[in-house]
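A.B. asks: Following this line is coords_19.cif, made up of mmCIF, C-alpha atoms:
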```cif
data_start
#
loop_
_atom_site.label_atom_id
_atom_site.label_comp_id
_atom_site.auth_asym_id
_atom_site.auth_seq_id
_atom_site.Cartn_x
_atom_site.Cartn_y
_atom_site.Cartn_z
CA MET A 376 2.93 -1.19 4.06
CA GLU A 377 0.71 -4.13 4.95
CA SER A 378 1.84 -7.60 5.86
CA ALA A 379 0.00 -10.54 4.37
CA GLU A 380 -1.93 -11.46 7.51
CA SER A 381 -3.21 -9.71 10.60
CA ASP A 382 -1.95 -10.62 14.05
CA TRP A 383 -5.44 -10.01 15.43
CA ARG A 384 -8.97 -11.06 14.70
CA VAL A 385 -10.24 -8.05 12.76
CA ALA A 386 -13.81 -7.63 11.62
CA VAL A 387 -14.74 -5.50 8.61
CA ARG A 388 -18.31 -4.28 8.28
CA GLU A 389 -20.28 -1.86 6.16
CA ILE A 390 -21.74 1.11 8.04
CA ARG A 391 -24.96 2.85 7.04
CA SER A 392 -26.39 4.61 10.10
CA ASN A 393 -26.13 8.39 10.41
CA GLU A 394 -24.45 7.91 13.79
CA ASP A 395 -21.64 5.84 12.29
CA LEU A 396 -21.26 7.95 9.15
CA HIS A 397 -21.00 11.06 11.32
CA ARG A 398 -17.88 9.55 12.96
CA VAL A 399 -15.99 9.10 9.67
CA PRO A 400 -14.67 12.66 9.08
CA ALA A 401 -13.04 12.82 12.50
CA PHE A 402 -11.64 9.33 12.03
CA GLU A 403 -10.18 10.34 8.67
CA GLN A 404 -8.46 13.29 10.36
CA ARG A 405 -6.92 10.95 12.93
CA ILE A 406 -5.30 8.98 10.11
CA TRP A 407 -4.02 11.76 7.84
CA HIS A 408 -4.33 14.95 9.94
CA ASN A 409 -5.92 16.68 6.96
CA PRO A 410 -7.91 19.86 7.63
CA ASP A 411 -10.66 19.12 5.11
CA PRO A 412 -12.10 15.60 5.61
CA ILE A 413 -14.90 14.22 3.49
CA PRO A 414 -18.31 15.39 4.80
CA ASP A 415 -20.64 12.82 6.28
CA SER A 416 -23.52 14.23 4.21
CA LEU A 417 -21.71 13.06 1.05
CA LEU A 418 -21.10 9.67 2.62
CA ARG A 419 -24.84 9.41 3.25
CA VAL A 420 -25.57 9.91 -0.45
CA TRP A 421 -22.87 7.49 -1.64
CA SER A 422 -24.00 4.85 0.80
CA ASP A 423 -27.55 5.07 -0.54
CA ARG A 424 -26.67 5.32 -4.24
CA GLY A 425 -24.43 2.43 -5.14
CA GLY A 426 -21.39 3.03 -2.96
CA ALA A 427 -20.39 1.93 0.52
CA VAL A 428 -18.39 2.80 3.62
CA TRP A 429 -16.59 0.07 5.55
CA VAL A 430 -14.78 0.12 8.88
CA ALA A 431 -12.35 -2.35 10.42
CA ALA A 432 -12.17 -3.01 14.15
CA ARG A 433 -10.73 -5.64 16.42
CA GLU A 434 -13.42 -8.14 17.30
CA ASP A 435 -12.88 -7.57 21.01
CA PHE A 436 -13.34 -3.78 20.59
CA PRO A 437 -15.94 -3.43 17.78
CA ASP A 438 -16.60 0.26 18.37
CA GLU A 439 -12.92 1.24 18.29
CA TRP A 440 -12.18 1.56 14.59
CA VAL A 441 -8.67 0.94 13.29
CA GLY A 442 -9.29 1.44 9.55
CA PHE A 443 -11.87 2.43 6.98
CA ALA A 444 -12.56 2.51 3.24
CA ILE A 445 -14.99 4.44 1.04
CA ALA A 446 -16.10 3.67 -2.52
CA PHE A 447 -18.72 4.95 -4.92
CA PRO A 448 -19.92 4.19 -8.47
CA ALA A 449 -17.99 5.90 -11.26
CA ARG A 450 -17.88 5.82 -15.04
CA ASP A 451 -15.09 6.10 -17.60
CA SER A 452 -14.65 5.26 -21.28
CA LYS A 453 -14.93 1.54 -20.49
CA GLY A 454 -18.15 1.84 -18.49
CA TRP A 455 -19.12 1.68 -14.84
CA TYR A 456 -16.71 0.66 -12.11
CA LEU A 457 -16.38 1.04 -8.33
CA HIS A 458 -14.08 3.91 -7.40
CA SER A 459 -12.28 3.42 -4.09
CA ASP A 460 -11.86 7.01 -2.98
CA LEU A 461 -10.28 6.60 0.45
CA ALA A 462 -8.77 3.74 2.43
CA GLY A 463 -6.64 4.12 5.52
CA VAL A 464 -5.48 2.53 8.76
CA LEU A 465 -4.45 4.24 11.98
CA ALA A 466 -0.66 4.37 12.33
CA PRO A 467 -0.33 2.06 15.38
CA TRP A 468 -2.28 -0.67 13.58
CA ARG A 469 -0.48 -0.64 10.23
CA SER A 470 1.62 -3.59 9.00
CA HIS A 471 -0.91 -6.09 10.34
CA GLY A 472 -2.84 -6.86 7.17
CA ILE A 473 -5.79 -4.62 8.02
CA GLY A 474 -5.57 -2.66 4.77
CA ARG A 475 -5.60 -5.90 2.83
CA ARG A 476 -8.63 -7.14 4.77
CA LEU A 477 -10.47 -3.92 3.88
CA LYS A 478 -9.62 -4.25 0.20
CA GLU A 479 -10.61 -7.93 0.06
CA HIS A 480 -13.91 -7.10 1.74
CA GLN A 481 -14.40 -4.31 -0.76
CA ARG A 482 -13.73 -6.66 -3.66
CA ALA A 483 -16.23 -9.23 -2.36
CA TRP A 484 -18.84 -6.49 -1.95
CA ALA A 485 -18.16 -5.22 -5.49
CA ARG A 486 -18.64 -8.73 -6.88
CA ARG A 487 -22.01 -9.09 -5.15
CA GLU A 488 -23.11 -5.70 -6.47
CA GLY A 489 -22.20 -6.54 -10.04
CA TYR A 490 -19.03 -4.46 -10.50
CA SER A 491 -16.28 -5.99 -12.61
CA ARG A 492 -13.43 -3.71 -11.51
CA ILE A 493 -12.32 -1.32 -8.79
CA GLY A 494 -10.18 1.74 -9.46
CA TRP A 495 -8.30 4.21 -7.28
CA THR A 496 -5.41 6.64 -7.28
CA PHE A 497 -2.26 6.85 -5.17
CA ASP A 498 0.86 8.99 -4.98
CA PRO A 499 3.54 7.29 -7.12
CA LEU A 500 6.24 8.51 -4.74
CA ARG A 501 4.75 6.58 -1.81
CA ALA A 502 6.81 3.42 -2.13
CA GLN A 503 4.96 1.51 0.57
CA ASN A 504 1.62 2.21 -1.09
CA ALA A 505 3.04 1.11 -4.43
CA ARG A 506 4.27 -2.11 -2.87
CA PHE A 507 0.86 -2.77 -1.33
CA ASN A 508 -1.15 -1.92 -4.45
CA LEU A 509 1.05 -3.54 -7.09
CA GLN A 510 2.85 -6.34 -5.27
CA TYR A 511 0.29 -7.57 -2.76
CA LEU A 512 -3.01 -6.68 -4.43
CA GLN A 513 -1.59 -6.89 -7.97
CA ALA A 514 -3.61 -3.94 -9.21
CA ARG A 515 -2.63 -2.63 -12.63
CA VAL A 516 -1.45 0.90 -13.43
CA VAL A 517 -3.48 2.37 -16.29
CA ALA A 518 -2.70 6.12 -16.16
CA TYR A 519 -0.47 8.83 -14.69
CA TYR A 520 -2.20 12.10 -13.70
CA PRO A 521 0.03 15.15 -13.03
CA ASP A 522 -1.15 17.34 -10.13
CA TYR A 523 -4.50 15.52 -10.06
CA TYR A 524 -6.02 17.35 -7.08
CA GLY A 525 -4.14 20.62 -7.39
CA THR A 526 -2.39 22.13 -4.37
CA MET A 527 -3.22 20.48 -1.04
CA GLU A 528 -1.64 21.89 2.09
CA THR A 529 -1.64 18.80 4.28
CA SER A 530 0.97 17.19 6.51
CA LEU A 531 1.45 14.54 3.82
CA THR A 532 2.04 16.83 0.85
CA GLN A 533 3.32 20.17 2.22
CA GLY A 534 1.95 21.72 -0.97
CA TYR A 535 3.96 19.71 -3.50
CA PRO A 536 2.01 18.74 -6.66
CA THR A 537 -0.51 15.94 -6.21
CA ASP A 538 0.61 13.59 -8.99
CA ARG A 539 -1.28 10.30 -8.98
CA LEU A 540 -1.17 6.89 -10.56
CA PHE A 541 -4.57 5.42 -11.41
CA VAL A 542 -4.85 1.67 -10.92
CA GLU A 543 -7.49 -0.90 -11.72
CA TRP A 544 -8.15 -4.03 -9.71
CA PRO A 545 -10.34 -6.64 -11.44
CA VAL A 546 -13.01 -8.17 -9.25
CA ASP A 547 -12.30 -11.54 -10.85
CA PRO A 548 -8.61 -11.45 -11.82
CA THR A 549 -7.30 -13.12 -14.95
CA PRO A 550 -3.65 -13.81 -15.79
CA VAL A 551 -1.90 -10.93 -17.54
CA PRO A 552 0.51 -11.98 -20.30
CA ALA A 553 4.11 -10.95 -19.75
CA GLY A 554 5.46 -8.17 -21.91
CA GLY A 555 8.50 -8.38 -24.13
CA GLY A 556 11.38 -6.26 -25.28
CA GLY A 557 13.28 -5.75 -22.05
CA GLU A 558 12.57 -3.74 -18.91
CA GLN A 559 12.75 -0.18 -17.65
CA ARG A 560 12.82 0.93 -14.02
CA ILE A 561 11.62 4.08 -12.30
CA ALA A 562 13.21 4.51 -8.88
CA VAL A 563 11.46 6.25 -5.98
CA PRO A 564 12.60 7.02 -2.41
CA ARG A 565 11.84 4.51 0.32
CA ASP A 566 10.29 7.28 2.42
CA ILE A 567 9.21 10.37 0.50
CA GLY A 568 7.30 11.50 3.59
CA ALA A 569 10.52 12.07 5.49
CA ILE A 570 11.91 14.10 2.58
CA VAL A 571 8.73 16.18 2.34
CA GLN A 572 8.95 17.10 6.01
CA VAL A 573 12.62 18.13 5.85
CA ASP A 574 13.00 19.53 2.32
CA PRO A 575 9.78 20.01 0.28
CA GLU A 576 11.77 21.48 -2.60
CA GLN A 577 13.82 18.30 -2.91
CA ALA A 578 10.55 16.33 -2.95
CA ARG A 579 9.36 18.48 -5.85
CA ARG A 580 12.57 17.84 -7.76
CA ILE A 581 12.27 14.10 -7.24
CA GLN A 582 8.65 14.23 -8.32
CA ALA A 583 9.53 16.12 -11.51
CA VAL A 584 12.03 13.42 -12.48
CA VAL A 585 9.59 10.58 -11.75
CA ARG A 586 6.79 12.37 -13.60
CA GLY A 587 8.96 12.83 -16.69
CA GLN A 588 10.00 9.17 -16.69
CA PHE A 589 6.43 7.91 -16.35
CA GLN A 590 5.05 10.21 -19.03
CA ARG A 591 7.80 9.36 -21.51
CA LEU A 592 7.73 5.59 -20.99
CA LEU A 593 3.95 5.22 -20.90
CA ALA A 594 3.69 7.24 -24.12
CA GLN A 595 6.24 4.90 -25.73
CA GLY A 596 4.16 1.84 -24.96
CA TRP A 597 5.77 0.67 -21.74
CA GLU A 598 3.46 -0.69 -19.05
CA VAL A 599 3.99 -1.04 -15.31
CA ALA A 600 4.47 -4.76 -14.69
CA GLY A 601 5.24 -4.63 -10.98
CA PHE A 602 7.09 -3.02 -8.12
CA GLU A 603 10.37 -4.06 -6.52
CA TRP A 604 11.04 -3.33 -2.88
CA SER A 605 14.77 -2.93 -2.21
CA ASP A 606 17.25 -0.36 -0.94
CA THR A 607 16.09 1.67 -3.94
CA PRO A 608 12.42 0.77 -4.56
CA CYS A 609 11.38 0.94 -8.18
CA TYR A 610 8.56 0.40 -10.63
CA VAL A 611 9.32 -2.25 -13.25
CA LEU A 612 7.98 -1.53 -16.73
CA GLN A 613 7.78 -3.82 -19.73
CA ARG A 614 7.15 -3.05 -23.37
CA THR A 615 3.61 -3.73 -24.57
CA GLY A 616 4.04 -2.73 -28.20
CA ALA A 617 1.47 0.08 -27.98
CA GLY A 618 2.14 3.79 -27.93
CA GLU A 619 4.61 5.90 -29.85
CA GLY A 620 8.12 5.01 -30.88
#
```
In C-alpha cells, write the structure found in this file.
C.D. replies:
Amino acid sequence: MESAESDWRVAVREIRSNEDLHRVPAFEQRIWHNPDPIPDSLLRVWSDRGGAVWVAAREDFPDEWVGFAIAFPARDSKGWYLHSDLAGVLAPWRSHGIGRRLKEHQRAWARREGYSRIGWTFDPLRAQNARFNLQYLQARVVAYYPDYYGTMETSLTQGYPTDRLFVEWPVDPTPVPAGGGGEQRIAVPRDIGAIVQVDPEQARRIQAVVRGQFQRLLAQGWEVAGFEWSDTPCYVLQRTGAGEG
C-alpha cells in the first residue's frame, strides 16, 4: 500500500535507451521474483510505438531504481486507451508514495499523448492493491476476469487461478454519480499473500467465494463504488440499475 506522499525526493523519468531497457527484466525479477520477466525486446517495440517505460529513483541516486511502470496502446469496444501492464516498487521503498508518483506521471504522459483513459488489471484478493487503486487513485472497476492469465507458478500465486479485476482510470476525471438501492460488500483477507504461502488450497477456496460474489453481483447490476480498509477489508458495491434481476 502507498501513502499519500513520499518521504524522499523521488524523480520519475521515461527511459528509451537500449541500455536502460535492458535493465528492466532483472529489475522486475527483483520486485516479484518471477521466473519469466517481460523481455526488453518487447519493451523496445512498445516504447517506439505509442507506449512508454518509466522508472522512479531517488534524486540523490538517479541510477538506483526503486520502481517502474510500463504501458502500451490498447483497444477495446470503446476505442483506444493506454494499458498499464506492469507497475511495481521494490519492497524496502514501498509505503512512501512512489507508486502514486509513477501513476500520476503516467497519467500526465497519457494526457500529453492524447489518451483519455488508462486501464489495468489487479488481483482482487490483494487488499492493499485494491486500496491503492480504488481509494487513493479512485480508478473504477469495469470487469471481473476469472483466471485471466491461466496458471502462473510464481512466489505470489503458487499456482492458484489468476483472477483479475479490470479498472479504468480517466485521464481527466469527472464526478461519478452515487448509486442507489443500498450496498453490498465483498470481504477479502488483509494479506492473501501470507495465506498463499502457508495454505494455497485455502487461498483457492477464498478466491472461489470472492469470484462467485463478484460475478453474481456485477451481473445483477451492482457496481464497485469503493474499497474499505478495516480489520476485514471489503469492496463496497452499489446498485446501478443495469444488469439482470
A.B. asks: Just the residues within 10 Å of region 458-474 of chain A, please, counting all atoms listed in the file, with nothing from its chain fewer than 3 positions along; format it as a PyMOL selection string.
C.D. replies: chain A and resi 376-387+402-403+405-407+413+426-433+440-450+455+477-481+492-497+507+543
A.B. asks: Please work out which residues fall within 9 Å of (-0.8, 22.5, -8.4), coordinates as given in the file, with all atoms listed in the file counting, and return them as number ranges by chain.
C.D. replies: A: 521-527, 534-537
A.B. asks: Could the residues of region 484-509 of chain A that have an atom at most 8 Å from region 544-567 of chain A be listed as JSON lines, each with its closest atom pair and the distance in Å to one decimal, counting only C-alpha atoms and ordered by chain and ascending residue number?
C.D. replies:
```
{"residue": "A:Ala485", "atom": "CA", "partner": "A:Val546", "partner_atom": "CA", "distance": 7.0}
{"residue": "A:Arg486", "atom": "CA", "partner": "A:Val546", "partner_atom": "CA", "distance": 6.1}
{"residue": "A:Tyr490", "atom": "CA", "partner": "A:Val546", "partner_atom": "CA", "distance": 7.2}
{"residue": "A:Ser491", "atom": "CA", "partner": "A:Val546", "partner_atom": "CA", "distance": 5.2}
{"residue": "A:Arg492", "atom": "CA", "partner": "A:Pro545", "partner_atom": "CA", "distance": 4.3}
{"residue": "A:Ile493", "atom": "CA", "partner": "A:Trp544", "partner_atom": "CA", "distance": 5.1}
{"residue": "A:Gly494", "atom": "CA", "partner": "A:Trp544", "partner_atom": "CA", "distance": 6.1}
{"residue": "A:Leu500", "atom": "CA", "partner": "A:Val563", "partner_atom": "CA", "distance": 5.8}
{"residue": "A:Arg501", "atom": "CA", "partner": "A:Ile567", "partner_atom": "CA", "distance": 6.3}
{"residue": "A:Ala502", "atom": "CA", "partner": "A:Arg565", "partner_atom": "CA", "distance": 5.7}
{"residue": "A:Gln503", "atom": "CA", "partner": "A:Arg565", "partner_atom": "CA", "distance": 7.5}
```
A.B. asks: Can you measure CA of Leu612 (chain A) to CA of Leu592 (chain A) for me? One decimal in Å is fine.
C.D. replies: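 So the answer is 8.3 Å.
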A.B. asks: Could you state the separation of CA of Pro400 (chain A) and CA of Pro412 (chain A) in Å, given to one decimal place?
C.D. replies: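 CA of Pro412 (chain A) lies 5.2 Å from CA of Pro400 (chain A).
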A.B. asks: Which of these residues is nearest to Trp484 (chain A), using all atoms listed in the file: A:Arg388, A:Arg591, A:His408, A:Arg580?
C.D. replies: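 Closest candidate: A:Arg388.
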A.B. asks: Please determine, counting only C-alpha atoms, which residue among A:Arg579, A:Arg614, A:Arg398, A:Arg475 has the shortest atom-to-atom distance to Ala600 (chain A).
C.D. replies: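 Residue with the minimum atom-to-atom distance to Ala600 (chain A): A:Arg614.
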A.B. asks: For each of A:Phe589, A:Gln572, A:Tyr456, A:Gln577, take the minimum atom-to-atom distance to Tyr520 (chain A), counting all atoms listed in the file, then give the residue where this is smallest.
C.D. replies: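 Nearest to Tyr520 (chain A): A:Phe589.
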A.B. asks: Just the number, please: distance in Å from CA of Glu598 (chain A) to CA of Arg586 (chain A), one decimal.
C.D. replies: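 Computing it gives 14.5 Å between the two atoms.
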A.B. asks: Using the file's own x, y and z axes, so that the box edges lie along x, y and z, what centre and edge lengths in Å (one decimal) does a box around every listed atom of region 597-613 of chain A get when 4 Å is added on each side? Give it as lines of an AutoDock Vina configuration file.
C.D. replies:
```
center_x = 10.4
center_y = -1.5
center_z = -11.3
size_x = 21.8
size_y = 14.4
size_z = 28.8
```
A.B. asks: Closest to Gly587 (chain A) among A:Tyr519, A:Asp574, A:Gln513, A:Glu603, using all atoms listed in the file?
C.D. replies: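 Counting all atoms listed in the file, the residue closest to Gly587 (chain A) is A:Tyr519.
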A.B. asks: Would you mind writing region 562-593 of chain A with N, CA and C atoms, as a tab-separated table (two decimals), in the frame of the given file?
C.D. replies:
```tsv
chain	number	residue	atom	x	y	z
A	562	ALA	N	12.88	4.57	-10.30
A	562	ALA	CA	13.21	4.51	-8.88
A	562	ALA	C	12.48	5.61	-8.11
A	563	VAL	N	12.09	5.29	-6.89
A	563	VAL	CA	11.46	6.25	-5.98
A	563	VAL	C	12.09	6.10	-4.60
A	564	PRO	N	12.03	7.13	-3.76
A	564	PRO	CA	12.60	7.02	-2.41
A	564	PRO	C	11.83	6.01	-1.56
A	565	ARG	N	12.52	5.43	-0.61
A	565	ARG	CA	11.84	4.51	0.32
A	565	ARG	C	10.85	5.26	1.21
A	566	ASP	N	11.16	6.51	1.52
A	566	ASP	CA	10.29	7.28	2.42
A	566	ASP	C	10.22	8.73	1.96
A	567	ILE	N	9.35	9.00	0.99
A	567	ILE	CA	9.21	10.37	0.50
A	567	ILE	C	8.64	11.27	1.59
A	568	GLY	N	7.87	10.69	2.52
A	568	GLY	CA	7.30	11.50	3.59
A	568	GLY	C	8.36	12.18	4.43
A	569	ALA	N	9.43	11.48	4.70
A	569	ALA	CA	10.52	12.07	5.49
A	569	ALA	C	11.18	13.21	4.72
A	570	ILE	N	11.31	13.05	3.40
A	570	ILE	CA	11.91	14.10	2.58
A	570	ILE	C	11.00	15.31	2.53
A	571	VAL	N	9.70	15.08	2.38
A	571	VAL	CA	8.73	16.18	2.34
A	571	VAL	C	8.81	17.02	3.60
A	572	GLN	N	8.93	16.37	4.74
A	572	GLN	CA	8.95	17.10	6.01
A	572	GLN	C	10.21	17.93	6.17
A	573	VAL	N	11.34	17.45	5.66
A	573	VAL	CA	12.62	18.13	5.85
A	573	VAL	C	12.92	19.12	4.72
A	574	ASP	N	12.61	18.73	3.48
A	574	ASP	CA	13.00	19.53	2.32
A	574	ASP	C	11.96	19.38	1.21
A	575	PRO	N	10.83	20.11	1.30
A	575	PRO	CA	9.78	20.01	0.28
A	575	PRO	C	10.28	20.29	-1.13
A	576	GLU	N	11.26	21.18	-1.27
A	576	GLU	CA	11.77	21.48	-2.60
A	576	GLU	C	12.47	20.27	-3.22
A	577	GLN	N	13.20	19.51	-2.41
A	577	GLN	CA	13.82	18.30	-2.91
A	577	GLN	C	12.74	17.30	-3.35
A	578	ALA	N	11.65	17.22	-2.57
A	578	ALA	CA	10.55	16.33	-2.95
A	578	ALA	C	9.98	16.72	-4.30
A	579	ARG	N	9.86	18.02	-4.55
A	579	ARG	CA	9.36	18.48	-5.85
A	579	ARG	C	10.31	18.10	-6.98
A	580	ARG	N	11.60	18.20	-6.73
A	580	ARG	CA	12.57	17.84	-7.76
A	580	ARG	C	12.50	16.34	-8.08
A	581	ILE	N	12.40	15.54	-7.04
A	581	ILE	CA	12.27	14.10	-7.24
A	581	ILE	C	11.00	13.80	-8.02
A	582	GLN	N	9.92	14.46	-7.64
A	582	GLN	CA	8.65	14.23	-8.32
A	582	GLN	C	8.73	14.59	-9.80
A	583	ALA	N	9.40	15.70	-10.12
A	583	ALA	CA	9.53	16.12	-11.51
A	583	ALA	C	10.26	15.06	-12.34
A	584	VAL	N	11.29	14.46	-11.77
A	584	VAL	CA	12.03	13.42	-12.48
A	584	VAL	C	11.14	12.20	-12.70
A	585	VAL	N	10.45	11.76	-11.65
A	585	VAL	CA	9.59	10.58	-11.75
A	585	VAL	C	8.45	10.83	-12.73
A	586	ARG	N	7.87	12.02	-12.67
A	586	ARG	CA	6.79	12.37	-13.60
A	586	ARG	C	7.27	12.27	-15.05
A	587	GLY	N	8.44	12.86	-15.33
A	587	GLY	CA	8.96	12.83	-16.69
A	587	GLY	C	9.21	11.41	-17.18
A	588	GLN	N	9.74	10.55	-16.30
A	588	GLN	CA	10.00	9.17	-16.69
A	588	GLN	C	8.70	8.43	-17.00
A	589	PHE	N	7.70	8.58	-16.13
A	589	PHE	CA	6.43	7.91	-16.35
A	589	PHE	C	5.77	8.39	-17.65
A	590	GLN	N	5.72	9.68	-17.84
A	590	GLN	CA	5.05	10.21	-19.03
A	590	GLN	C	5.74	9.75	-20.31
A	591	ARG	N	7.06	9.76	-20.31
A	591	ARG	CA	7.80	9.36	-21.51
A	591	ARG	C	7.61	7.87	-21.79
A	592	LEU	N	7.79	7.03	-20.76
A	592	LEU	CA	7.73	5.59	-20.99
A	592	LEU	C	6.32	5.10	-21.29
A	593	LEU	N	5.32	5.63	-20.60
A	593	LEU	CA	3.95	5.22	-20.90
A	593	LEU	C	3.56	5.61	-22.32
```
